[in-house]
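Student: See run-v4.cif below, with mmCIF, all heavy atoms.
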```cif
data_target
loop_
_atom_site.group_PDB
_atom_site.id
_atom_site.type_symbol
_atom_site.label_atom_id
_atom_site.label_comp_id
_atom_site.auth_asym_id
_atom_site.auth_seq_id
_atom_site.Cartn_x
_atom_site.Cartn_y
_atom_site.Cartn_z
ATOM 1 N N MET O 118 -15.205 8.464 -8.765
ATOM 2 C CA MET O 118 -15.053 7.052 -9.064
ATOM 3 C C MET O 118 -13.787 6.522 -8.375
ATOM 4 O O MET O 118 -12.712 7.069 -8.530
ATOM 5 C CB MET O 118 -14.931 6.851 -10.566
ATOM 6 C CG MET O 118 -14.774 5.403 -10.946
ATOM 7 S SD MET O 118 -14.778 5.190 -12.717
ATOM 8 C CE MET O 118 -13.112 4.694 -12.972
ATOM 9 N N ALA O 119 -13.934 5.491 -7.600
ATOM 10 C CA ALA O 119 -12.805 4.883 -6.899
ATOM 11 C C ALA O 119 -12.277 3.711 -7.724
ATOM 12 O O ALA O 119 -13.001 2.766 -8.018
ATOM 13 C CB ALA O 119 -13.231 4.416 -5.520
ATOM 14 N N LEU O 120 -11.020 3.781 -8.106
ATOM 15 C CA LEU O 120 -10.433 2.748 -8.956
ATOM 16 C C LEU O 120 -10.292 1.396 -8.267
ATOM 17 O O LEU O 120 -10.372 0.357 -8.906
ATOM 18 C CB LEU O 120 -9.058 3.207 -9.448
ATOM 19 C CG LEU O 120 -9.044 4.434 -10.339
ATOM 20 C CD1 LEU O 120 -7.617 4.863 -10.621
ATOM 21 C CD2 LEU O 120 -9.780 4.155 -11.624
ATOM 22 N N LEU O 121 -10.068 1.417 -6.976
ATOM 23 C CA LEU O 121 -9.850 0.173 -6.238
ATOM 24 C C LEU O 121 -11.024 -0.184 -5.335
ATOM 25 O O LEU O 121 -10.851 -0.937 -4.371
ATOM 26 C CB LEU O 121 -8.567 0.288 -5.421
ATOM 27 C CG LEU O 121 -7.289 0.533 -6.223
ATOM 28 C CD1 LEU O 121 -6.113 0.753 -5.282
ATOM 29 C CD2 LEU O 121 -7.004 -0.611 -7.161
ATOM 30 N N GLN O 122 -12.186 0.338 -5.630
ATOM 31 C CA GLN O 122 -13.368 0.116 -4.793
ATOM 32 C C GLN O 122 -13.615 -1.376 -4.595
ATOM 33 O O GLN O 122 -13.622 -2.145 -5.550
ATOM 34 C CB GLN O 122 -14.595 0.755 -5.449
ATOM 35 C CG GLN O 122 -15.801 0.818 -4.542
ATOM 36 C CD GLN O 122 -15.594 1.756 -3.364
ATOM 37 O OE1 GLN O 122 -15.017 2.810 -3.505
ATOM 38 N NE2 GLN O 122 -16.057 1.342 -2.214
ATOM 39 N N ASP O 123 -13.795 -1.785 -3.340
ATOM 40 C CA ASP O 123 -14.090 -3.170 -2.953
ATOM 41 C C ASP O 123 -12.971 -4.155 -3.278
ATOM 42 O O ASP O 123 -13.216 -5.342 -3.418
ATOM 43 C CB ASP O 123 -15.401 -3.642 -3.599
ATOM 44 C CG ASP O 123 -16.581 -2.785 -3.192
ATOM 45 O OD1 ASP O 123 -16.602 -2.319 -2.035
ATOM 46 O OD2 ASP O 123 -17.465 -2.572 -4.032
ATOM 47 N N LYS O 124 -11.735 -3.666 -3.399
ATOM 48 C CA LYS O 124 -10.578 -4.544 -3.620
ATOM 49 C C LYS O 124 -9.757 -4.593 -2.348
ATOM 50 O O LYS O 124 -9.749 -3.672 -1.553
ATOM 51 C CB LYS O 124 -9.684 -4.014 -4.752
ATOM 52 C CG LYS O 124 -10.385 -3.808 -6.062
ATOM 53 C CD LYS O 124 -10.738 -5.106 -6.703
ATOM 54 C CE LYS O 124 -11.354 -4.807 -8.065
ATOM 55 N NZ LYS O 124 -11.855 -5.966 -8.711
ATOM 56 N N LYS O 125 -9.042 -5.695 -2.145
ATOM 57 C CA LYS O 125 -8.119 -5.826 -1.017
ATOM 58 C C LYS O 125 -6.713 -5.579 -1.545
ATOM 59 O O LYS O 125 -6.390 -5.978 -2.658
ATOM 60 C CB LYS O 125 -8.232 -7.208 -0.396
ATOM 61 C CG LYS O 125 -9.594 -7.455 0.216
ATOM 62 C CD LYS O 125 -9.638 -8.798 0.891
ATOM 63 C CE LYS O 125 -11.020 -9.176 1.280
ATOM 64 N NZ LYS O 125 -11.557 -8.622 2.412
ATOM 65 N N ALA O 126 -5.876 -4.917 -0.744
ATOM 66 C CA ALA O 126 -4.530 -4.571 -1.194
ATOM 67 C C ALA O 126 -3.478 -5.001 -0.182
ATOM 68 O O ALA O 126 -3.671 -4.879 1.023
ATOM 69 C CB ALA O 126 -4.434 -3.070 -1.416
ATOM 70 N N VAL O 127 -2.379 -5.512 -0.699
ATOM 71 C CA VAL O 127 -1.185 -5.809 0.083
ATOM 72 C C VAL O 127 -0.140 -4.796 -0.365
ATOM 73 O O VAL O 127 0.190 -4.728 -1.546
ATOM 74 C CB VAL O 127 -0.691 -7.250 -0.158
ATOM 75 C CG1 VAL O 127 0.627 -7.489 0.551
ATOM 76 C CG2 VAL O 127 -1.740 -8.245 0.295
ATOM 77 N N ILE O 128 0.361 -4.005 0.562
ATOM 78 C CA ILE O 128 1.268 -2.908 0.247
ATOM 79 C C ILE O 128 2.665 -3.225 0.755
ATOM 80 O O ILE O 128 2.845 -3.540 1.929
ATOM 81 C CB ILE O 128 0.793 -1.593 0.912
ATOM 82 C CG1 ILE O 128 -0.667 -1.310 0.591
ATOM 83 C CG2 ILE O 128 1.698 -0.442 0.544
ATOM 84 C CD1 ILE O 128 -0.976 -1.054 -0.844
ATOM 85 N N ILE O 129 3.656 -3.150 -0.149
ATOM 86 C CA ILE O 129 5.054 -3.320 0.248
ATOM 87 C C ILE O 129 5.809 -2.098 -0.250
ATOM 88 O O ILE O 129 5.956 -1.899 -1.452
ATOM 89 C CB ILE O 129 5.664 -4.603 -0.331
ATOM 90 C CG1 ILE O 129 4.873 -5.815 0.146
ATOM 91 C CG2 ILE O 129 7.132 -4.727 0.072
ATOM 92 C CD1 ILE O 129 5.295 -7.118 -0.462
ATOM 93 N N GLY O 130 6.246 -1.276 0.690
ATOM 94 C CA GLY O 130 6.987 -0.070 0.351
ATOM 95 C C GLY O 130 8.483 -0.306 0.447
ATOM 96 O O GLY O 130 8.945 -1.352 0.900
ATOM 97 N N ASP O 131 9.246 0.684 0.017
ATOM 98 C CA ASP O 131 10.707 0.602 0.010
ATOM 99 C C ASP O 131 11.282 1.639 0.966
ATOM 100 O O ASP O 131 10.865 2.796 0.953
ATOM 101 C CB ASP O 131 11.211 0.854 -1.411
ATOM 102 C CG ASP O 131 12.710 0.704 -1.555
ATOM 103 O OD1 ASP O 131 13.337 0.081 -0.673
ATOM 104 O OD2 ASP O 131 13.259 1.193 -2.555
ATOM 105 N N ARG O 132 12.240 1.234 1.775
ATOM 106 C CA ARG O 132 12.832 2.138 2.763
ATOM 107 C C ARG O 132 13.462 3.361 2.109
ATOM 108 O O ARG O 132 13.386 4.462 2.627
ATOM 109 C CB ARG O 132 13.876 1.390 3.581
ATOM 110 C CG ARG O 132 14.479 2.228 4.699
ATOM 111 C CD ARG O 132 15.655 1.530 5.275
ATOM 112 N NE ARG O 132 16.694 1.512 4.244
ATOM 113 C CZ ARG O 132 17.978 1.448 4.489
ATOM 114 N NH1 ARG O 132 18.404 1.356 5.722
ATOM 115 N NH2 ARG O 132 18.850 1.445 3.518
ATOM 116 N N ASP O 133 14.117 3.188 0.974
ATOM 117 C CA ASP O 133 14.781 4.295 0.297
ATOM 118 C C ASP O 133 13.886 4.964 -0.739
ATOM 119 O O ASP O 133 14.301 5.911 -1.391
ATOM 120 C CB ASP O 133 16.058 3.808 -0.392
ATOM 121 C CG ASP O 133 17.098 3.340 0.616
ATOM 122 O OD1 ASP O 133 17.149 3.917 1.711
ATOM 123 O OD2 ASP O 133 17.844 2.396 0.299
ATOM 124 N N GLY O 134 12.676 4.471 -0.898
ATOM 125 C CA GLY O 134 11.741 5.032 -1.872
ATOM 126 C C GLY O 134 10.499 5.537 -1.165
ATOM 127 O O GLY O 134 10.566 6.383 -0.290
ATOM 128 N N ILE O 135 9.368 4.986 -1.530
ATOM 129 C CA ILE O 135 8.099 5.386 -0.925
ATOM 130 C C ILE O 135 7.734 4.366 0.153
ATOM 131 O O ILE O 135 7.606 3.176 -0.135
ATOM 132 C CB ILE O 135 6.985 5.454 -1.990
ATOM 133 C CG1 ILE O 135 7.393 6.416 -3.102
ATOM 134 C CG2 ILE O 135 5.669 5.887 -1.350
ATOM 135 C CD1 ILE O 135 6.475 6.423 -4.287
ATOM 136 N N PRO O 136 7.567 4.809 1.411
ATOM 137 C CA PRO O 136 7.251 3.880 2.498
ATOM 138 C C PRO O 136 5.832 3.306 2.382
ATOM 139 O O PRO O 136 4.940 3.925 1.801
ATOM 140 C CB PRO O 136 7.402 4.728 3.752
ATOM 141 C CG PRO O 136 7.313 6.138 3.310
ATOM 142 C CD PRO O 136 7.757 6.167 1.880
ATOM 143 N N GLY O 137 5.666 2.125 2.947
ATOM 144 C CA GLY O 137 4.389 1.425 2.897
ATOM 145 C C GLY O 137 3.199 2.224 3.388
ATOM 146 O O GLY O 137 2.155 2.232 2.727
ATOM 147 N N PRO O 138 3.277 2.918 4.534
ATOM 148 C CA PRO O 138 2.122 3.667 5.015
ATOM 149 C C PRO O 138 1.654 4.762 4.041
ATOM 150 O O PRO O 138 0.460 5.023 3.930
ATOM 151 C CB PRO O 138 2.605 4.274 6.333
ATOM 152 C CG PRO O 138 3.645 3.324 6.809
ATOM 153 C CD PRO O 138 4.330 2.856 5.564
ATOM 154 N N ALA O 139 2.584 5.370 3.317
ATOM 155 C CA ALA O 139 2.199 6.403 2.342
ATOM 156 C C ALA O 139 1.431 5.782 1.180
ATOM 157 O O ALA O 139 0.419 6.325 0.726
ATOM 158 C CB ALA O 139 3.440 7.126 1.827
ATOM 159 N N ILE O 140 1.895 4.632 0.708
ATOM 160 C CA ILE O 140 1.200 3.934 -0.376
ATOM 161 C C ILE O 140 -0.159 3.451 0.115
ATOM 162 O O ILE O 140 -1.161 3.514 -0.609
ATOM 163 C CB ILE O 140 2.035 2.756 -0.895
ATOM 164 C CG1 ILE O 140 3.380 3.248 -1.410
ATOM 165 C CG2 ILE O 140 1.294 2.001 -1.997
ATOM 166 C CD1 ILE O 140 4.370 2.143 -1.726
ATOM 167 N N ALA O 141 -0.215 2.983 1.363
ATOM 168 C CA ALA O 141 -1.468 2.494 1.932
ATOM 169 C C ALA O 141 -2.519 3.599 1.987
ATOM 170 O O ALA O 141 -3.692 3.364 1.680
ATOM 171 C CB ALA O 141 -1.231 1.918 3.320
ATOM 172 N N GLU O 142 -2.120 4.799 2.356
ATOM 173 C CA GLU O 142 -3.075 5.915 2.402
ATOM 174 C C GLU O 142 -3.607 6.234 1.008
ATOM 175 O O GLU O 142 -4.788 6.543 0.842
ATOM 176 C CB GLU O 142 -2.432 7.150 3.028
ATOM 177 C CG GLU O 142 -2.261 7.048 4.523
ATOM 178 C CD GLU O 142 -3.576 6.807 5.254
ATOM 179 O OE1 GLU O 142 -4.576 7.482 4.949
ATOM 180 O OE2 GLU O 142 -3.595 5.928 6.132
ATOM 181 N N CYS O 143 -2.748 6.169 0.010
ATOM 182 C CA CYS O 143 -3.195 6.401 -1.372
ATOM 183 C C CYS O 143 -4.179 5.317 -1.802
ATOM 184 O O CYS O 143 -5.189 5.605 -2.447
ATOM 185 C CB CYS O 143 -2.009 6.435 -2.324
ATOM 186 S SG CYS O 143 -0.931 7.853 -2.106
ATOM 187 N N ALA O 144 -3.882 4.069 -1.459
ATOM 188 C CA ALA O 144 -4.771 2.967 -1.823
ATOM 189 C C ALA O 144 -6.121 3.107 -1.118
ATOM 190 O O ALA O 144 -7.169 2.868 -1.719
ATOM 191 C CB ALA O 144 -4.128 1.629 -1.478
ATOM 192 N N LYS O 145 -6.099 3.505 0.151
ATOM 193 C CA LYS O 145 -7.350 3.705 0.890
ATOM 194 C C LYS O 145 -8.184 4.811 0.267
ATOM 195 O O LYS O 145 -9.402 4.687 0.141
ATOM 196 C CB LYS O 145 -7.068 4.056 2.350
ATOM 197 C CG LYS O 145 -6.608 2.897 3.184
ATOM 198 C CD LYS O 145 -6.320 3.360 4.606
ATOM 199 C CE LYS O 145 -5.634 2.299 5.422
ATOM 200 N NZ LYS O 145 -5.282 2.801 6.750
ATOM 201 N N SER O 146 -7.528 5.882 -0.157
ATOM 202 C CA SER O 146 -8.277 6.987 -0.768
ATOM 203 C C SER O 146 -8.845 6.596 -2.126
ATOM 204 O O SER O 146 -9.799 7.215 -2.596
ATOM 205 C CB SER O 146 -7.395 8.229 -0.894
ATOM 206 O OG SER O 146 -6.408 8.047 -1.883
ATOM 207 N N ALA O 147 -8.279 5.551 -2.746
ATOM 208 C CA ALA O 147 -8.800 5.057 -4.016
ATOM 209 C C ALA O 147 -9.874 3.993 -3.798
ATOM 210 O O ALA O 147 -10.389 3.432 -4.763
ATOM 211 C CB ALA O 147 -7.667 4.493 -4.864
ATOM 212 N N GLY O 148 -10.188 3.680 -2.530
ATOM 213 C CA GLY O 148 -11.283 2.764 -2.225
ATOM 214 C C GLY O 148 -10.873 1.367 -1.820
ATOM 215 O O GLY O 148 -11.726 0.522 -1.588
ATOM 216 N N ALA O 149 -9.584 1.081 -1.717
ATOM 217 C CA ALA O 149 -9.124 -0.270 -1.372
ATOM 218 C C ALA O 149 -9.173 -0.507 0.128
ATOM 219 O O ALA O 149 -9.110 0.422 0.925
ATOM 220 C CB ALA O 149 -7.700 -0.484 -1.862
ATOM 221 N N GLU O 150 -9.280 -1.770 0.484
ATOM 222 C CA GLU O 150 -9.136 -2.180 1.876
ATOM 223 C C GLU O 150 -7.717 -2.719 2.021
ATOM 224 O O GLU O 150 -7.357 -3.727 1.399
ATOM 225 C CB GLU O 150 -10.138 -3.282 2.231
ATOM 226 C CG GLU O 150 -9.951 -3.841 3.615
ATOM 227 C CD GLU O 150 -10.785 -5.083 3.877
ATOM 228 O OE1 GLU O 150 -11.681 -5.390 3.069
ATOM 229 O OE2 GLU O 150 -10.525 -5.739 4.891
ATOM 230 N N VAL O 151 -6.885 -2.063 2.807
ATOM 231 C CA VAL O 151 -5.498 -2.485 2.992
ATOM 232 C C VAL O 151 -5.464 -3.570 4.061
ATOM 233 O O VAL O 151 -5.800 -3.326 5.208
ATOM 234 C CB VAL O 151 -4.600 -1.293 3.376
ATOM 235 C CG1 VAL O 151 -3.180 -1.762 3.635
ATOM 236 C CG2 VAL O 151 -4.629 -0.237 2.282
ATOM 237 N N VAL O 152 -5.069 -4.780 3.663
ATOM 238 C CA VAL O 152 -5.034 -5.895 4.606
ATOM 239 C C VAL O 152 -3.632 -6.109 5.183
ATOM 240 O O VAL O 152 -3.487 -6.746 6.223
ATOM 241 C CB VAL O 152 -5.548 -7.201 3.956
ATOM 242 C CG1 VAL O 152 -7.026 -7.080 3.625
ATOM 243 C CG2 VAL O 152 -4.763 -7.554 2.718
ATOM 244 N N PHE O 153 -2.603 -5.575 4.505
ATOM 245 C CA PHE O 153 -1.234 -5.677 5.006
ATOM 246 C C PHE O 153 -0.425 -4.533 4.422
ATOM 247 O O PHE O 153 -0.538 -4.219 3.241
ATOM 248 C CB PHE O 153 -0.602 -7.012 4.595
ATOM 249 C CG PHE O 153 0.826 -7.159 5.047
ATOM 250 C CD1 PHE O 153 1.122 -7.475 6.359
ATOM 251 C CD2 PHE O 153 1.871 -6.980 4.165
ATOM 252 C CE1 PHE O 153 2.442 -7.604 6.782
ATOM 253 C CE2 PHE O 153 3.185 -7.116 4.570
ATOM 254 C CZ PHE O 153 3.471 -7.431 5.883
ATOM 255 N N SER O 154 0.396 -3.910 5.259
ATOM 256 C CA SER O 154 1.271 -2.834 4.809
ATOM 257 C C SER O 154 2.602 -2.957 5.519
ATOM 258 O O SER O 154 2.645 -3.154 6.742
ATOM 259 C CB SER O 154 0.645 -1.472 5.112
ATOM 260 O OG SER O 154 1.526 -0.435 4.768
ATOM 261 N N SER O 155 3.695 -2.856 4.759
ATOM 262 C CA SER O 155 5.017 -2.990 5.338
ATOM 263 C C SER O 155 6.000 -2.147 4.537
ATOM 264 O O SER O 155 5.784 -1.869 3.364
ATOM 265 C CB SER O 155 5.461 -4.451 5.311
ATOM 266 O OG SER O 155 6.753 -4.591 5.842
ATOM 267 N N THR O 156 7.078 -1.763 5.195
ATOM 268 C CA THR O 156 8.182 -1.071 4.520
ATOM 269 C C THR O 156 9.402 -1.956 4.652
ATOM 270 O O THR O 156 9.797 -2.330 5.757
ATOM 271 C CB THR O 156 8.443 0.302 5.172
ATOM 272 O OG1 THR O 156 7.267 1.102 5.068
ATOM 273 C CG2 THR O 156 9.589 1.014 4.485
ATOM 274 N N GLU O 157 9.999 -2.328 3.539
ATOM 275 C CA GLU O 157 11.142 -3.241 3.517
ATOM 276 C C GLU O 157 12.378 -2.548 2.962
ATOM 277 O O GLU O 157 12.285 -1.484 2.358
ATOM 278 C CB GLU O 157 10.816 -4.466 2.648
ATOM 279 C CG GLU O 157 9.595 -5.249 3.103
ATOM 280 C CD GLU O 157 9.764 -5.897 4.458
ATOM 281 O OE1 GLU O 157 10.895 -6.271 4.814
ATOM 282 O OE2 GLU O 157 8.761 -6.041 5.172
ATOM 283 N N CYS O 158 13.514 -3.179 3.162
ATOM 284 C CA CYS O 158 14.785 -2.680 2.626
ATOM 285 C C CYS O 158 15.239 -3.650 1.544
ATOM 286 O O CYS O 158 15.523 -4.808 1.813
ATOM 287 C CB CYS O 158 15.824 -2.587 3.735
ATOM 288 S SG CYS O 158 17.421 -2.009 3.153
ATOM 289 N N PHE O 159 15.287 -3.172 0.306
ATOM 290 C CA PHE O 159 15.725 -4.003 -0.820
ATOM 291 C C PHE O 159 17.126 -3.557 -1.214
ATOM 292 O O PHE O 159 17.323 -2.556 -1.867
ATOM 293 C CB PHE O 159 14.758 -3.847 -2.001
ATOM 294 C CG PHE O 159 13.352 -4.253 -1.670
ATOM 295 C CD1 PHE O 159 12.394 -3.291 -1.388
ATOM 296 C CD2 PHE O 159 12.998 -5.583 -1.625
ATOM 297 C CE1 PHE O 159 11.103 -3.666 -1.087
ATOM 298 C CE2 PHE O 159 11.699 -5.964 -1.312
ATOM 299 C CZ PHE O 159 10.748 -4.993 -1.042
ATOM 300 N N VAL O 160 18.116 -4.345 -0.797
ATOM 301 C CA VAL O 160 19.499 -3.977 -1.083
ATOM 302 C C VAL O 160 20.093 -4.985 -2.041
ATOM 303 O O VAL O 160 19.863 -6.121 -2.009
ATOM 304 C CB VAL O 160 20.339 -3.953 0.224
ATOM 305 C CG1 VAL O 160 21.779 -3.568 -0.073
ATOM 306 C CG2 VAL O 160 19.732 -3.005 1.211
#
```
Turn this file's structure into structure tokens for me.
Tutor:
Amino acid sequence: MALLQDKKAVIIGDRDGIPGPAIAECAKSAGAEVVFSSTECFV
């Protein structure tokens, strides 16, 4: 069962935490369509 099946996702990762591409891969494996992925610095 895919939790995010047929959902669109916007991914914003953290430079000092979990980067956007890693979160995007997890979302894709859960069935989401990633429409935007970025890694930002929150200081």
Student: Work out how far apart CA of Ile128 in chain O and CA of Ala144 in chain O are and give it in Å to one decimal.
Tutor: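 Distance between the two atoms: 8.7 Å.
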Student: Measure the distance from CA of Gly130 in chain O to OG of Ser154 in chain O in Å and round it to one decimal.
Tutor: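 Between CA of Gly130 in chain O and OG of Ser154 in chain O the gap is 7.0 Å.
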Student: What is the distance, in Å and to one decimal place, between CB of Ala149 in chain O and atom O of Arg132 in chain O?
Tutor: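 Between CB of Ala149 in chain O and atom O of Arg132 in chain O the gap works out to 22.1 Å.
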Student: Can you give me, as a list of chain:residue names, the residues this file yields under the PyMOL selection byres ((chain O and resi 140) around 6)?
Tutor: O:Ile128, O:Ile129, O:Gly130, O:Asp131, O:Ile135, O:Pro136, O:Gly137, O:Pro138, O:Ala139, O:Ala141, O:Glu142, O:Cys143, O:Ala144, O:Lys145, O:Val151
Student: Using all atoms listed in the file, pick whichever of O:Val127, O:Val160, O:Leu120, O:Asp133 has the shortest atom-to-atom distance to Ala147 in chain O.
Tutor: O:Leu120
Student: Quick one: DSSP strand (DSSP E or B) residues in chain O, as an mmCIF file with all heavy atoms, in the coordinates of the input?
Tutor:
```cif
data_model
loop_
_atom_site.group_PDB
_atom_site.id
_atom_site.type_symbol
_atom_site.label_atom_id
_atom_site.label_comp_id
_atom_site.auth_asym_id
_atom_site.auth_seq_id
_atom_site.Cartn_x
_atom_site.Cartn_y
_atom_site.Cartn_z
ATOM 1 N N LYS O 125 -9.042 -5.695 -2.145
ATOM 2 C CA LYS O 125 -8.119 -5.826 -1.017
ATOM 3 C C LYS O 125 -6.713 -5.579 -1.545
ATOM 4 O O LYS O 125 -6.390 -5.978 -2.658
ATOM 5 C CB LYS O 125 -8.232 -7.208 -0.396
ATOM 6 C CG LYS O 125 -9.594 -7.455 0.216
ATOM 7 C CD LYS O 125 -9.638 -8.798 0.891
ATOM 8 C CE LYS O 125 -11.020 -9.176 1.280
ATOM 9 N NZ LYS O 125 -11.557 -8.622 2.412
ATOM 10 N N ALA O 126 -5.876 -4.917 -0.744
ATOM 11 C CA ALA O 126 -4.530 -4.571 -1.194
ATOM 12 C C ALA O 126 -3.478 -5.001 -0.182
ATOM 13 O O ALA O 126 -3.671 -4.879 1.023
ATOM 14 C CB ALA O 126 -4.434 -3.070 -1.416
ATOM 15 N N VAL O 127 -2.379 -5.512 -0.699
ATOM 16 C CA VAL O 127 -1.185 -5.809 0.083
ATOM 17 C C VAL O 127 -0.140 -4.796 -0.365
ATOM 18 O O VAL O 127 0.190 -4.728 -1.546
ATOM 19 C CB VAL O 127 -0.691 -7.250 -0.158
ATOM 20 C CG1 VAL O 127 0.627 -7.489 0.551
ATOM 21 C CG2 VAL O 127 -1.740 -8.245 0.295
ATOM 22 N N ILE O 128 0.361 -4.005 0.562
ATOM 23 C CA ILE O 128 1.268 -2.908 0.247
ATOM 24 C C ILE O 128 2.665 -3.225 0.755
ATOM 25 O O ILE O 128 2.845 -3.540 1.929
ATOM 26 C CB ILE O 128 0.793 -1.593 0.912
ATOM 27 C CG1 ILE O 128 -0.667 -1.310 0.591
ATOM 28 C CG2 ILE O 128 1.698 -0.442 0.544
ATOM 29 C CD1 ILE O 128 -0.976 -1.054 -0.844
ATOM 30 N N ILE O 129 3.656 -3.150 -0.149
ATOM 31 C CA ILE O 129 5.054 -3.320 0.248
ATOM 32 C C ILE O 129 5.809 -2.098 -0.250
ATOM 33 O O ILE O 129 5.956 -1.899 -1.452
ATOM 34 C CB ILE O 129 5.664 -4.603 -0.331
ATOM 35 C CG1 ILE O 129 4.873 -5.815 0.146
ATOM 36 C CG2 ILE O 129 7.132 -4.727 0.072
ATOM 37 C CD1 ILE O 129 5.295 -7.118 -0.462
ATOM 38 N N GLY O 130 6.246 -1.276 0.690
ATOM 39 C CA GLY O 130 6.987 -0.070 0.351
ATOM 40 C C GLY O 130 8.483 -0.306 0.447
ATOM 41 O O GLY O 130 8.945 -1.352 0.900
ATOM 42 N N ASP O 131 9.246 0.684 0.017
ATOM 43 C CA ASP O 131 10.707 0.602 0.010
ATOM 44 C C ASP O 131 11.282 1.639 0.966
ATOM 45 O O ASP O 131 10.865 2.796 0.953
ATOM 46 C CB ASP O 131 11.211 0.854 -1.411
ATOM 47 C CG ASP O 131 12.710 0.704 -1.555
ATOM 48 O OD1 ASP O 131 13.337 0.081 -0.673
ATOM 49 O OD2 ASP O 131 13.259 1.193 -2.555
ATOM 50 N N GLU O 150 -9.280 -1.770 0.484
ATOM 51 C CA GLU O 150 -9.136 -2.180 1.876
ATOM 52 C C GLU O 150 -7.717 -2.719 2.021
ATOM 53 O O GLU O 150 -7.357 -3.727 1.399
ATOM 54 C CB GLU O 150 -10.138 -3.282 2.231
ATOM 55 C CG GLU O 150 -9.951 -3.841 3.615
ATOM 56 C CD GLU O 150 -10.785 -5.083 3.877
ATOM 57 O OE1 GLU O 150 -11.681 -5.390 3.069
ATOM 58 O OE2 GLU O 150 -10.525 -5.739 4.891
ATOM 59 N N VAL O 151 -6.885 -2.063 2.807
ATOM 60 C CA VAL O 151 -5.498 -2.485 2.992
ATOM 61 C C VAL O 151 -5.464 -3.570 4.061
ATOM 62 O O VAL O 151 -5.800 -3.326 5.208
ATOM 63 C CB VAL O 151 -4.600 -1.293 3.376
ATOM 64 C CG1 VAL O 151 -3.180 -1.762 3.635
ATOM 65 C CG2 VAL O 151 -4.629 -0.237 2.282
ATOM 66 N N VAL O 152 -5.069 -4.780 3.663
ATOM 67 C CA VAL O 152 -5.034 -5.895 4.606
ATOM 68 C C VAL O 152 -3.632 -6.109 5.183
ATOM 69 O O VAL O 152 -3.487 -6.746 6.223
ATOM 70 C CB VAL O 152 -5.548 -7.201 3.956
ATOM 71 C CG1 VAL O 152 -7.026 -7.080 3.625
ATOM 72 C CG2 VAL O 152 -4.763 -7.554 2.718
ATOM 73 N N PHE O 153 -2.603 -5.575 4.505
ATOM 74 C CA PHE O 153 -1.234 -5.677 5.006
ATOM 75 C C PHE O 153 -0.425 -4.533 4.422
ATOM 76 O O PHE O 153 -0.538 -4.219 3.241
ATOM 77 C CB PHE O 153 -0.602 -7.012 4.595
ATOM 78 C CG PHE O 153 0.826 -7.159 5.047
ATOM 79 C CD1 PHE O 153 1.122 -7.475 6.359
ATOM 80 C CD2 PHE O 153 1.871 -6.980 4.165
ATOM 81 C CE1 PHE O 153 2.442 -7.604 6.782
ATOM 82 C CE2 PHE O 153 3.185 -7.116 4.570
ATOM 83 C CZ PHE O 153 3.471 -7.431 5.883
ATOM 84 N N SER O 154 0.396 -3.910 5.259
ATOM 85 C CA SER O 154 1.271 -2.834 4.809
ATOM 86 C C SER O 154 2.602 -2.957 5.519
ATOM 87 O O SER O 154 2.645 -3.154 6.742
ATOM 88 C CB SER O 154 0.645 -1.472 5.112
ATOM 89 O OG SER O 154 1.526 -0.435 4.768
ATOM 90 N N SER O 155 3.695 -2.856 4.759
ATOM 91 C CA SER O 155 5.017 -2.990 5.338
ATOM 92 C C SER O 155 6.000 -2.147 4.537
ATOM 93 O O SER O 155 5.784 -1.869 3.364
ATOM 94 C CB SER O 155 5.461 -4.451 5.311
ATOM 95 O OG SER O 155 6.753 -4.591 5.842
ATOM 96 N N THR O 156 7.078 -1.763 5.195
ATOM 97 C CA THR O 156 8.182 -1.071 4.520
ATOM 98 C C THR O 156 9.402 -1.956 4.652
ATOM 99 O O THR O 156 9.797 -2.330 5.757
ATOM 100 C CB THR O 156 8.443 0.302 5.172
ATOM 101 O OG1 THR O 156 7.267 1.102 5.068
ATOM 102 C CG2 THR O 156 9.589 1.014 4.485
ATOM 103 N N GLU O 157 9.999 -2.328 3.539
ATOM 104 C CA GLU O 157 11.142 -3.241 3.517
ATOM 105 C C GLU O 157 12.378 -2.548 2.962
ATOM 106 O O GLU O 157 12.285 -1.484 2.358
ATOM 107 C CB GLU O 157 10.816 -4.466 2.648
ATOM 108 C CG GLU O 157 9.595 -5.249 3.103
ATOM 109 C CD GLU O 157 9.764 -5.897 4.458
ATOM 110 O OE1 GLU O 157 10.895 -6.271 4.814
ATOM 111 O OE2 GLU O 157 8.761 -6.041 5.172
#
```
Student: Taking the chain letters and numbering used in this document, name the residues of chain O that DSSP puts in alpha helix (DSSP H), as a list in words.
Tutor: Gly137, Pro138, Ala139, Ile140, Ala141, Glu142, Cys143, Ala144, Lys145 and Ser146 of chain O
Student: Report, as JSON, the centre and edge lengths in Å (one decimal) of the axis-aligned box enclosing every listed atom of range 126-140 of chain O, padded by 4 Å on each side.
Tutor:
```
{"center_x": 6.5, "center_y": -0.6, "center_z": 1.3, "size_x": 32.7, "size_y": 23.4, "size_z": 19.1}
```
Student: Write out as a list in words each polymer residue whose atoms come within 6 Å of Gly148 in chain O, counting only C-alpha atoms; drop sequence neighbours fewer than 3 positions from it.
Tutor: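 After dropping sequence-adjacent residues, the list is Ala119, Leu121, Gln122 and Lys145 of chain O.
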